[in-house]
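Data first, discussion second: the structure below is written as structure tokens.
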Amino acid sequence: PHEGEGGKIYGRRASTRRARELRKTLTPPEARLWLQLRGLRSEGFHFRRQAPFRGYYLDFVCFNHWLVMEVDGGGHNDQVQADHDAVRDRILKRQGFHTLRLSNGDINTNMAGVMEAIMAVLGSPAGP
């Protein structure tokens, strides 16, 4: 078992079950981004959504390129949440991941710019 967000303890089955639930309830911006990311499979990029990793659920991750993408709504402007996000980003960085934080607003109004930012990271050398 491992500790998840909010301090809850999850075993492997419970975390897989929770990840499946999260995949079924994507926010509209997450669903829009997922459609774009799925289109990148033909270019050799494989993404997972709501993937359990070390007690966290990663919104989107490309393990082959060590890229995590987090879709942030307005609640991430709250200082407590921002502090939590910073800790999470540091943990992921220590594991070798680059975290790209994307706002709901950017996904809704500037998908081309969002995809450019993602492709810029994917085009850079992979992690460890």
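Simple scheme: letters A, B, ... for chains in structure tokens order, numbers from 1 for residues in each chain, numbers from 1 for ligands in the order shown.
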
> Could you pull the residues within 12 Å of Trp34 in chain A, counting only C-alpha atoms, minus those fewer than 6 positions along the same chain, as a list of chain:residue names?
Replying inline: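 Neighbouring residues, sequence-local ones excluded: A:Arg23, A:Leu26, A:Thr27, A:Pro28, A:Leu40, A:Arg41, A:His46, A:Phe47, A:Arg48, A:Arg49, A:Gln50, A:Asp59, A:Phe60, A:Val61, A:Met69, A:Glu70, A:Val71, A:Ile107, A:Met111, A:Met115.
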
> Just how far from CA of Asn104 in chain A is CA of Pro52 in chain A, in Å to one decimal?
Replying inline: 21.6 Å

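Residues in contact with Glu43 in chain A at 12 Å, where only C-alpha atoms are counted and same-chain residues fewer than 5 positions away are skipped, are listed as A:Leu37, A:Arg38, A:Met119, A:Leu122, A:Gly123.
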
Please identify all polymer residues within 9 Å of range 89-92 of chain A, counting only C-alpha atoms, omitting same-chain residues fewer than 6 positions from it, and present them as a PDB file with all heavy atoms, in the first residue's frame.
ATOM      1  N   VAL A  68       5.091  14.585 -17.624  1.00  0.00           N
ATOM      2  CA  VAL A  68       3.815  14.592 -16.909  1.00  0.00           C
ATOM      3  C   VAL A  68       3.122  15.899 -17.241  1.00  0.00           C
ATOM      4  O   VAL A  68       3.744  16.963 -17.211  1.00  0.00           O
ATOM      5  CB  VAL A  68       4.029  14.490 -15.379  1.00  0.00           C
ATOM      6  CG1 VAL A  68       2.718  14.695 -14.622  1.00  0.00           C
ATOM      7  CG2 VAL A  68       4.667  13.167 -15.012  1.00  0.00           C
ATOM      8  N   HIS A  98       9.638  15.646 -16.144  1.00  0.00           N
ATOM      9  CA  HIS A  98       9.377  17.066 -16.386  1.00  0.00           C
ATOM     10  C   HIS A  98       7.867  17.234 -16.261  1.00  0.00           C
ATOM     11  O   HIS A  98       7.109  16.496 -16.895  1.00  0.00           O
ATOM     12  CB  HIS A  98       9.839  17.460 -17.795  1.00  0.00           C
ATOM     13  CG  HIS A  98       9.501  18.876 -18.138  1.00  0.00           C
ATOM     14  ND1 HIS A  98      10.316  19.928 -17.781  1.00  0.00           N
ATOM     15  CD2 HIS A  98       8.438  19.401 -18.785  1.00  0.00           C
ATOM     16  CE1 HIS A  98       9.753  21.050 -18.207  1.00  0.00           C
ATOM     17  NE2 HIS A  98       8.626  20.749 -18.818  1.00  0.00           N
ATOM     18  N   THR A  99       7.419  18.166 -15.428  1.00  0.00           N
ATOM     19  CA  THR A  99       5.994  18.411 -15.259  1.00  0.00           C
ATOM     20  C   THR A  99       5.616  19.671 -16.008  1.00  0.00           C
ATOM     21  O   THR A  99       6.205  20.731 -15.806  1.00  0.00           O
ATOM     22  CB  THR A  99       5.609  18.558 -13.772  1.00  0.00           C
ATOM     23  OG1 THR A  99       5.969  17.364 -13.082  1.00  0.00           O
ATOM     24  CG2 THR A  99       4.116  18.805 -13.613  1.00  0.00           C
TER      25      THR A  99
END

>> Let me make sure I understand: among A:Gln81, A:Gln36, A:Trp66, A:Gly55, which one has the smallest atom-to-atom distance to Arg94 in chain A if we use only C-alpha atoms?
In response: A:Trp66

>> If I take CA of Asn64 in chain A and CA of Ala51 in chain A, how far is one from the other in Å, to one decimal?
In response: 13.8 Å

> In range 27-112 of chain A, what's strand (DSSP E) per DSSP? Answer as JSON, numbers by chain?
Replying inline: {"A": [48, 49, 50, 51, 52, 53, 56, 57, 58, 59, 60, 61, 62, 67, 68, 69, 70, 71, 72, 98, 99, 100, 101, 102, 103]}

> CA of Leu35 in chain A to CA of Asp83 in chain A: how many Å, to one decimal?
Replying inline: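 Going from CA of Leu35 in chain A over to CA of Asp83 in chain A, I get 29.7 Å.
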
> Near Gly105 in chain A, counting only C-alpha atoms, which residues have an atom at most 9 Å away, once you skip same-chain residues fewer than 5 positions from it, shown as a ChimeraX atom specification?
Replying inline: /A:29,72-73,110
